[in-house]
Amino acid sequence: MQAMVIDPGFTGPNKATPSVVTLTGLCKYFGTEVIYEDFNFDFKSGTFTSIFGPNGCGKSTLINMMAGLIPYDRGQILYDGRDVSQANIGYVFQNYREALFPWWKAYENIEYPLKIRGMSASQRRQRVNELIDQFDIKFDLNRYPYEFSGGQQQLISILRALAPNPEIVFLDEPFSALDYEMTLFIREKLQTIFSQNNIAMVLVSHDLEDAVFLAEQILMLSKRPTQVVDVVPFTLPYPRNDRTVLAPEFIEAKRRCLEIFQQEVRK
Ligand SMILES: Nc1ncnc2c1ncn2[C@@H]1O[C@H](COP(=O)(O)OP(=O)(O)OP(=O)(O)O)[C@@H](O)[C@H]1O
Ligand SMILES: [Mg+2]
């Protein structure tokens, strides 16, 4: 059995690592409902963060604000000083069935973000071929989304998010519409992407096992008005595999997250 190496002094991503996105004094209301009031967090570049918290605490709202999909009321979200419109981000939606354009072939879906950035057809082809090689895609992308399995469609939407070489990728419940076999497949691919690229990943998952398994840190959120309760590190090296869930570090990180979560929902 391969030994799992962990640096006992490692308590999470290095403080000296530059930030990819910084949230300062963030406030978000839906009518009279306060979702965030003075929320602060710094996402480090090249770091895998999972977000976990009670139902309806605002996990999707948070990543949607960071991705510039919905507005916020006060505060700042800055990508190394830049507005989100100047940042290079990717977003993987929960429901791949609704996320892919059904009238376009998989290939056209993947190249879409490159097209809107004004890349030529030959540059786009080169980039898509790079992704095909990197992910060892064996299926023919010259087919329509409905012709693929659920896991393949979710993989296509992940490739689309990665096509423009984003500095950060947001994933909102990417496994929720997948069966277990496909979840394992996408889990593995996400690790490959993460290990091969200097990219920050932010994963929202209802499944604590998935959230811990993939992340270097788990951002634990409170009930509304939502604050950071804790940041739990989980620093086993990638790639993680079926033995990871048996490792004492994994069991301890999961236990710690569960304890925080239960304290929060009991409040
Ligand atoms: N467009 C909207 N208009 C009004 N209220 C909204 C809107 N979007 C979200 N909310 C409310 O804001 C709160 C946070 O929603 P959000 O979807 O971000 O939570 P979440 O943590 O992702 O929840 P879940 O665990 O169910 O995915 C919820 O109470 C939700 O009902
Ligand atoms: Mg949500």
# chains A, B, ... in the order shown; residues from 1 in each chain; ligands from 1
call {"tool": "residues_around", "arguments": {"residues": "stretch 209-211 of chain A", "least_positions_apart": "6", "cutoff": "10 Å", "atoms": "only C-alpha atoms", "output": "list in words"}}
result
Thr49, Ser50, Ile51, Phe52, Glu173, Phe175, Thr183, Leu184, Arg187, Val202, Leu203, Gln217, Ile218, Leu219, Val245, Phe250, Ile251, Ala253, Lys254 and Cys257 of chain A
call {"tool": "residues_near_ligand", "arguments": {"ligand": "ligand 2", "cutoff": "7 Å", "atoms": "only C-alpha atoms and all ligand atoms", "output": "list in words"}}
result
Gly56, Gly58, Lys59, Ser60 and Asp172 of chain A
call {"tool": "residues_near_ligand", "arguments": {"ligand": "ligand 1", "cutoff": "10 Å", "atoms": "only C-alpha atoms and all ligand atoms", "output": "PyMOL selection string"}}
result
chain A and resi 28-36+51-65+70+94+172-173+204-206+221-226
call {"tool": "residues_around", "arguments": {"residues": "A:Val169", "least_positions_apart": "5", "cutoff": "8 Å", "atoms": "only C-alpha atoms", "output": "PyMOL selection string"}}
result
chain A and resi 89-92+161-162+199-202
call {"tool": "select_by_dssp", "arguments": {"residues": "stretch 23-255 of chain A", "states": "strand (DSSP E)", "output": "MDAnalysis selection string"}}
result
chainID A and resid 23:30 33:44 48:52 74:78 89:92 168:172 200:204 217:221 228:233
call {"tool": "select_by_dssp", "arguments": {"residues": "stretch 20-264 of chain A", "states": "helix (DSSP H, G or I)", "output": "number ranges by chain"}}
result
A: 59-66, 84-86, 96-99, 106-115, 121-134, 145-147, 150-162, 180-196, 208-214, 244-246, 248-264
call {"tool": "atom_distance", "arguments": {"atom1": "atom CA of A:Arg117", "atom2": "atom CA of A:Gly150"}}
result
27.9 Å
call {"tool": "atom_distance", "arguments": {"atom1": "atom CA of A:Leu100", "atom2": "atom CA of A:Glu130"}}
result
20.3 Å
call {"tool": "atom_distance", "arguments": {"atom1": "atom CA of A:Arg124", "atom2": "atom CA of A:Val21"}}
result
27.3 Å
call {"tool": "closest_residue", "arguments": {"among": "A:Gln86, A:Ser45, A:Gln76, A:Thr244", "to": "A:Thr24", "atoms": "only C-alpha atoms"}}
result
A:Gln76
call {"tool": "residues_around", "arguments": {"residues": "A:Glu188", "least_positions_apart": "4", "cutoff": "9 Å", "atoms": "only C-alpha atoms", "output": "list in words"}}
result
Thr183, Leu184, Thr192, Ile193, Pro239, Arg240 and Asn241 of chain A
call {"tool": "residues_around", "arguments": {"residues": "stretch 136-139 of chain A", "least_positions_apart": "2", "cutoff": "10 Å", "atoms": "only C-alpha atoms", "output": "list in words"}}
result
Asn129, Glu130, Leu131, Ile132, Asp133, Gln134, Leu141, Asn142, Arg143, Phe148, Gln152, Leu155, Ile156 and Lys189 of chain A
call {"tool": "closest_residue", "arguments": {"among": "A:Glu216, A:Glu252, A:Glu264, A:Asp73", "to": "A:Gln191", "atoms": "only C-alpha atoms"}}
result
A:Glu216
call {"tool": "residues_around", "arguments": {"residues": "A:Ala121", "least_positions_apart": "4", "cutoff": "12 Å", "atoms": "only C-alpha atoms", "output": "MDAnalysis selection string"}}
result
chainID A and resid 107:108 111:112 114:117 125:128
call {"tool": "write_last_selection", "arguments": {"atoms": "C-alpha atoms", "output": "PDB file, in the first residue's frame"}}
result
ATOM      1  CA  TYR A 107     -17.427  20.268 -29.451  1.00  0.00           C
ATOM      2  CA  GLU A 108     -19.310  23.522 -30.149  1.00  0.00           C
ATOM      3  CA  GLU A 111     -15.463  26.039 -27.751  1.00  0.00           C
ATOM      4  CA  TYR A 112     -18.269  28.517 -26.990  1.00  0.00           C
ATOM      5  CA  LEU A 114     -13.425  30.774 -26.661  1.00  0.00           C
ATOM      6  CA  LYS A 115     -15.654  32.033 -29.448  1.00  0.00           C
ATOM      7  CA  ILE A 116     -17.079  34.826 -27.300  1.00  0.00           C
ATOM      8  CA  ARG A 117     -13.506  35.786 -26.393  1.00  0.00           C
ATOM      9  CA  ARG A 125      -9.600  23.720 -32.343  1.00  0.00           C
ATOM     10  CA  GLN A 126      -6.110  23.647 -30.850  1.00  0.00           C
ATOM     11  CA  ARG A 127      -7.390  24.396 -27.353  1.00  0.00           C
ATOM     12  CA  VAL A 128     -10.209  21.822 -27.520  1.00  0.00           C
TER      13      VAL A 128
END
